[in-house]
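Taking it in order: structure first as structure tokens, then the write-up.
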2 protein chains.
Amino acid sequence: MPAPETPKLTVDIIIELTDQPGRPILLIERKNPYGWALPGGFVDVGESLEQAAVREAAEEISLPVTLIVLLGCYSSPDRDPRGHTVSAVYIAEANGEPCAADDAANVQIFLPETLPGMLAFDHALILTDYLNYRQNNKLTPLRNQD
Amino acid sequence: MPAPETPKLTVDIIIELTDQPGRPILLIERKNPYGWALPGGFVDVGESLEQAAVREAAEEISLPVTLIVLLGCYSSPDRDPRGHTVSAVYIAEANGEPCAADDAANVQIFLPETLPGMLAFDHALILTDYLNYRQNNKLTPLRNQD
């Protein structure tokens, strides 16, 4: 029996710069759909989620990262207007100077208190869960069971 | 740009029977590959992971479940000999009498101290992480970053 079609699998990474005051995080300005977004991308067949997260971070911001914790999985069918994707979101640490691998991309450093308003996809939700974890050290309870 | 191929997405559910002494869990005896396995299956396009977990539990053991926590994501490329699948594994609660929806399937109740030796896929690893969580209320740190 051939395996059925399932949602596409992605990873997103919340990268904390541990050597900068206030431990800021990194966001990338996207064109389509427009908005600030976490670094991330599709998981390749043959790599683990963790390997995909480390690879995507290196590709997008040119820094090695260490994954700390799985913040959660985000899977609402309408989270990406282009099609159903499920994202495993990791919190990671890095230090050094981030640099957009793609010249066209705008990578910026944000303190948790001053995140931009215009966030792509469901990244506002993800970052709300992240801020809650950062403050209370607790993961957000499960949603979407109904 | 068409979305690239990614690993197939599944859910597995560790179902605790809260109305039975010792809070046992449920496993299903599989034929191919042979072994005892957690209830679970492929995620459909258009449903969240949580919806898929609740649906699969209902389909496989004929009991409604409430998801409690995401134990983790298991994504090693070799975890299923038939192809690369990534599983989001939930701990859930149910009560009542489980009943295999498929007559051919053998659903059995196991106390955590007496799990069967012959476990399919990477479910021995998953259940080790589960037992650790059950004892210490702590999720297993991330693996597979290299």
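Here, A, B, ... name the chains of the structure tokens in the order displayed, residue numbers run from 1 inside each chain, and ligands are numbered from 1 in the same displayed order.
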From a DSSP calculation on the backbone, collect every residue of stretch 67-108 of chain A in strand (DSSP E) and output the set as an mmCIF file with C-alpha atoms, in the first residue's frame.
data_model
loop_
_atom_site.group_PDB
_atom_site.id
_atom_site.type_symbol
_atom_site.label_atom_id
_atom_site.label_comp_id
_atom_site.auth_asym_id
_atom_site.auth_seq_id
_atom_site.Cartn_x
_atom_site.Cartn_y
_atom_site.Cartn_z
ATOM 1 C CA LEU A 67 18.625 23.371 19.865
ATOM 2 C CA ILE A 68 17.345 23.665 23.424
ATOM 3 C CA VAL A 69 13.722 22.551 23.457
ATOM 4 C CA LEU A 70 10.774 21.716 21.203
ATOM 5 C CA LEU A 71 8.328 24.563 21.816
ATOM 6 C CA GLY A 72 5.514 22.718 20.064
ATOM 7 C CA CYS A 73 4.018 21.591 16.780
ATOM 8 C CA TYR A 74 1.813 23.992 14.840
ATOM 9 C CA THR A 85 2.110 22.590 6.441
ATOM 10 C CA VAL A 86 2.926 21.374 9.936
ATOM 11 C CA SER A 87 5.824 23.006 11.715
ATOM 12 C CA ALA A 88 7.918 21.683 14.577
ATOM 13 C CA VAL A 89 9.200 24.788 16.348
ATOM 14 C CA TYR A 90 12.464 24.704 18.290
ATOM 15 C CA ILE A 91 14.070 27.191 20.638
ATOM 16 C CA ALA A 92 17.791 27.398 19.958
ATOM 17 C CA GLU A 93 20.848 29.316 21.088
ATOM 18 C CA ALA A 94 23.564 30.912 19.010
ATOM 19 C CA ASN A 106 16.571 41.139 5.716
ATOM 20 C CA VAL A 107 17.551 39.467 8.995
ATOM 21 C CA GLN A 108 16.970 41.564 12.079
#
- [ ] Compute the chain A side of the contact with chain B at 7 Å, counting only C-alpha atoms, and hand it back as a PyMOL selection string.
- [x] chain A and resi 6-9+42-51+54+69+75-77+84+142+144-146
Open item on the list: If I take atom CA of B:Phe110 and atom CA of B:Ile25, how far is one from the other in Å, to one decimal?
Closed with: 5.4 Å
- [ ] Provide the atom CA of B:Asn32 to atom CA of B:Val11 distance in Å, to one decimal place.
- [x] 18.0 Å
TODO: Work out how far atom CA of A:Tyr133 is from atom CA of A:Leu119, in Å to one decimal.
DONE: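 Separation of atom CA of A:Leu119 and atom CA of A:Tyr133: 18.9 Å.
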Task: Nearest to A:Pro39, chosen from A:Glu60, A:Asp122, A:Glu16, A:Asp102, with only C-alpha atoms counted in the distances - done: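 Smallest distance to A:Pro39 is found for A:Glu60.
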TODO: Can you pull out every residue within 10 Å of B:Pro24, counting only C-alpha atoms, but drop anything in the same chain fewer than 4 positions away, and send it as a list of chain:residue names?
DONE: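 Answer for this query is B:Ile14, B:Ile15, B:Glu16, B:Leu17, B:Thr18, B:Asp19, B:Gln20, B:Gln108, B:Ile109, B:Phe110, B:Leu111, B:Pro112, B:Glu113, B:Thr114, B:Leu115.
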Based on the selection just made, write N, CA, C and O atoms of those residues as a short mmCIF file (atom, residue, chain, number, x, y, z; two decimals), in the first residue's frame.
data_model
loop_
_atom_site.label_atom_id
_atom_site.label_comp_id
_atom_site.auth_asym_id
_atom_site.auth_seq_id
_atom_site.Cartn_x
_atom_site.Cartn_y
_atom_site.Cartn_z
N ILE B 14 -0.12 7.52 23.31
CA ILE B 14 0.04 6.70 24.51
C ILE B 14 -1.21 6.95 25.34
O ILE B 14 -1.39 8.04 25.88
N ILE B 15 -2.08 5.94 25.39
CA ILE B 15 -3.40 6.15 26.00
C ILE B 15 -3.42 5.51 27.39
O ILE B 15 -3.30 4.29 27.54
N GLU B 16 -3.54 6.36 28.40
CA GLU B 16 -3.63 5.88 29.78
C GLU B 16 -5.09 5.66 30.14
O GLU B 16 -5.92 6.56 29.95
N LEU B 17 -5.39 4.50 30.67
CA LEU B 17 -6.76 4.20 31.12
C LEU B 17 -6.87 4.63 32.57
O LEU B 17 -6.42 3.95 33.49
N THR B 18 -7.50 5.79 32.77
CA THR B 18 -7.45 6.42 34.10
C THR B 18 -8.37 5.75 35.10
O THR B 18 -8.24 5.99 36.30
N ASP B 19 -9.30 4.93 34.65
CA ASP B 19 -10.22 4.28 35.59
C ASP B 19 -9.78 2.84 35.92
O ASP B 19 -10.54 2.09 36.52
N GLN B 20 -8.58 2.49 35.55
CA GLN B 20 -8.11 1.14 35.86
C GLN B 20 -6.92 1.21 36.81
O GLN B 20 -6.11 2.13 36.73
N GLN B 108 -4.29 -4.73 23.62
CA GLN B 108 -4.10 -5.25 24.97
C GLN B 108 -3.68 -4.14 25.92
O GLN B 108 -3.08 -3.14 25.52
N ILE B 109 -4.01 -4.37 27.19
CA ILE B 109 -3.72 -3.41 28.25
C ILE B 109 -2.42 -3.83 28.94
O ILE B 109 -2.27 -5.01 29.29
N PHE B 110 -1.52 -2.90 29.14
CA PHE B 110 -0.24 -3.21 29.78
C PHE B 110 0.04 -2.21 30.90
O PHE B 110 -0.12 -1.00 30.70
N LEU B 111 0.48 -2.73 32.03
CA LEU B 111 1.00 -1.84 33.07
C LEU B 111 2.39 -1.38 32.66
O LEU B 111 3.12 -2.13 32.00
N PRO B 112 2.77 -0.17 33.04
CA PRO B 112 4.08 0.35 32.62
C PRO B 112 5.24 -0.56 33.04
O PRO B 112 6.26 -0.62 32.37
N GLU B 113 5.05 -1.28 34.14
CA GLU B 113 6.15 -2.15 34.62
C GLU B 113 6.27 -3.43 33.81
O GLU B 113 7.26 -4.14 33.93
N THR B 114 5.27 -3.76 33.04
CA THR B 114 5.28 -5.06 32.35
C THR B 114 4.98 -4.89 30.86
O THR B 114 4.15 -5.60 30.29
N LEU B 115 5.67 -3.95 30.24
CA LEU B 115 5.50 -3.77 28.79
C LEU B 115 6.11 -4.95 28.05
O LEU B 115 7.09 -5.55 28.51
#
- [ ] Between A:Ala105, A:Glu97, A:Ile126, A:Pro64, single out the one closest to A:Asp12, counting only C-alpha atoms.
- [x] A:Ile126
Open item on the list: My list of candidates is A:Ala101, A:Asp80, A:Leu27, A:Trp36. Which is closest to A:Ile61 when distances are computed with only C-alpha atoms?
Closed with: A:Ala101
- [ ] as a VMD selection string, please: all residues of stretch 54-129 of chain A that backbone DSSP puts in alpha helix (DSSP H).
- [x] chain A and resid 54 to 61 123 to 129
Write out, as a CSV table (one decimal), in the first residue's frame, the residues just selected, with N, CA, C and O atoms.
chain,number,residue,atom,x,y,z
A,54,VAL,N,18.8,22.6,12.5
A,54,VAL,CA,20.2,23.1,12.5
A,54,VAL,C,20.6,23.6,11.1
A,54,VAL,O,21.2,24.6,10.9
A,55,ARG,N,20.2,22.8,10.1
A,55,ARG,CA,20.6,23.1,8.7
A,55,ARG,C,19.9,24.4,8.2
A,55,ARG,O,20.6,25.3,7.7
A,56,GLU,N,18.6,24.5,8.5
A,56,GLU,CA,17.9,25.7,8.0
A,56,GLU,C,18.5,27.0,8.7
A,56,GLU,O,18.6,28.0,8.1
A,57,ALA,N,18.8,26.9,10.0
A,57,ALA,CA,19.4,28.0,10.7
A,57,ALA,C,20.7,28.4,10.0
A,57,ALA,O,20.9,29.6,9.8
A,58,ALA,N,21.5,27.4,9.8
A,58,ALA,CA,22.8,27.7,9.2
A,58,ALA,C,22.6,28.3,7.8
A,58,ALA,O,23.3,29.3,7.4
A,59,GLU,N,21.7,27.8,7.0
A,59,GLU,CA,21.4,28.3,5.7
A,59,GLU,C,20.9,29.8,5.7
A,59,GLU,O,21.2,30.6,4.8
A,60,GLU,N,20.0,30.0,6.6
A,60,GLU,CA,19.3,31.3,6.6
A,60,GLU,C,20.1,32.5,7.3
A,60,GLU,O,19.9,33.6,6.9
A,61,ILE,N,20.8,32.1,8.4
A,61,ILE,CA,21.4,33.2,9.1
A,61,ILE,C,22.9,33.0,9.3
A,61,ILE,O,23.6,33.8,10.0
A,123,HIS,N,3.0,33.0,13.1
A,123,HIS,CA,4.2,33.2,13.9
A,123,HIS,C,3.9,34.1,15.1
A,123,HIS,O,4.6,34.1,16.1
A,124,ALA,N,2.8,34.9,15.0
A,124,ALA,CA,2.4,35.7,16.2
A,124,ALA,C,2.0,34.7,17.3
A,124,ALA,O,2.3,34.9,18.5
A,125,LEU,N,1.2,33.7,17.0
A,125,LEU,CA,0.8,32.7,17.9
A,125,LEU,C,2.1,32.0,18.5
A,125,LEU,O,2.2,31.8,19.7
A,126,ILE,N,2.9,31.6,17.6
A,126,ILE,CA,4.2,30.9,18.1
A,126,ILE,C,5.0,31.7,19.0
A,126,ILE,O,5.4,31.3,20.1
A,127,LEU,N,5.1,33.0,18.7
A,127,LEU,CA,5.9,33.9,19.5
A,127,LEU,C,5.2,34.2,20.8
A,127,LEU,O,5.9,34.4,21.9
A,128,THR,N,3.9,34.2,20.9
A,128,THR,CA,3.2,34.3,22.1
A,128,THR,C,3.5,33.1,23.0
A,128,THR,O,3.7,33.3,24.2
A,129,ASP,N,3.4,32.0,22.4
A,129,ASP,CA,3.8,30.7,23.2
A,129,ASP,C,5.2,30.8,23.7
A,129,ASP,O,5.6,30.4,24.8
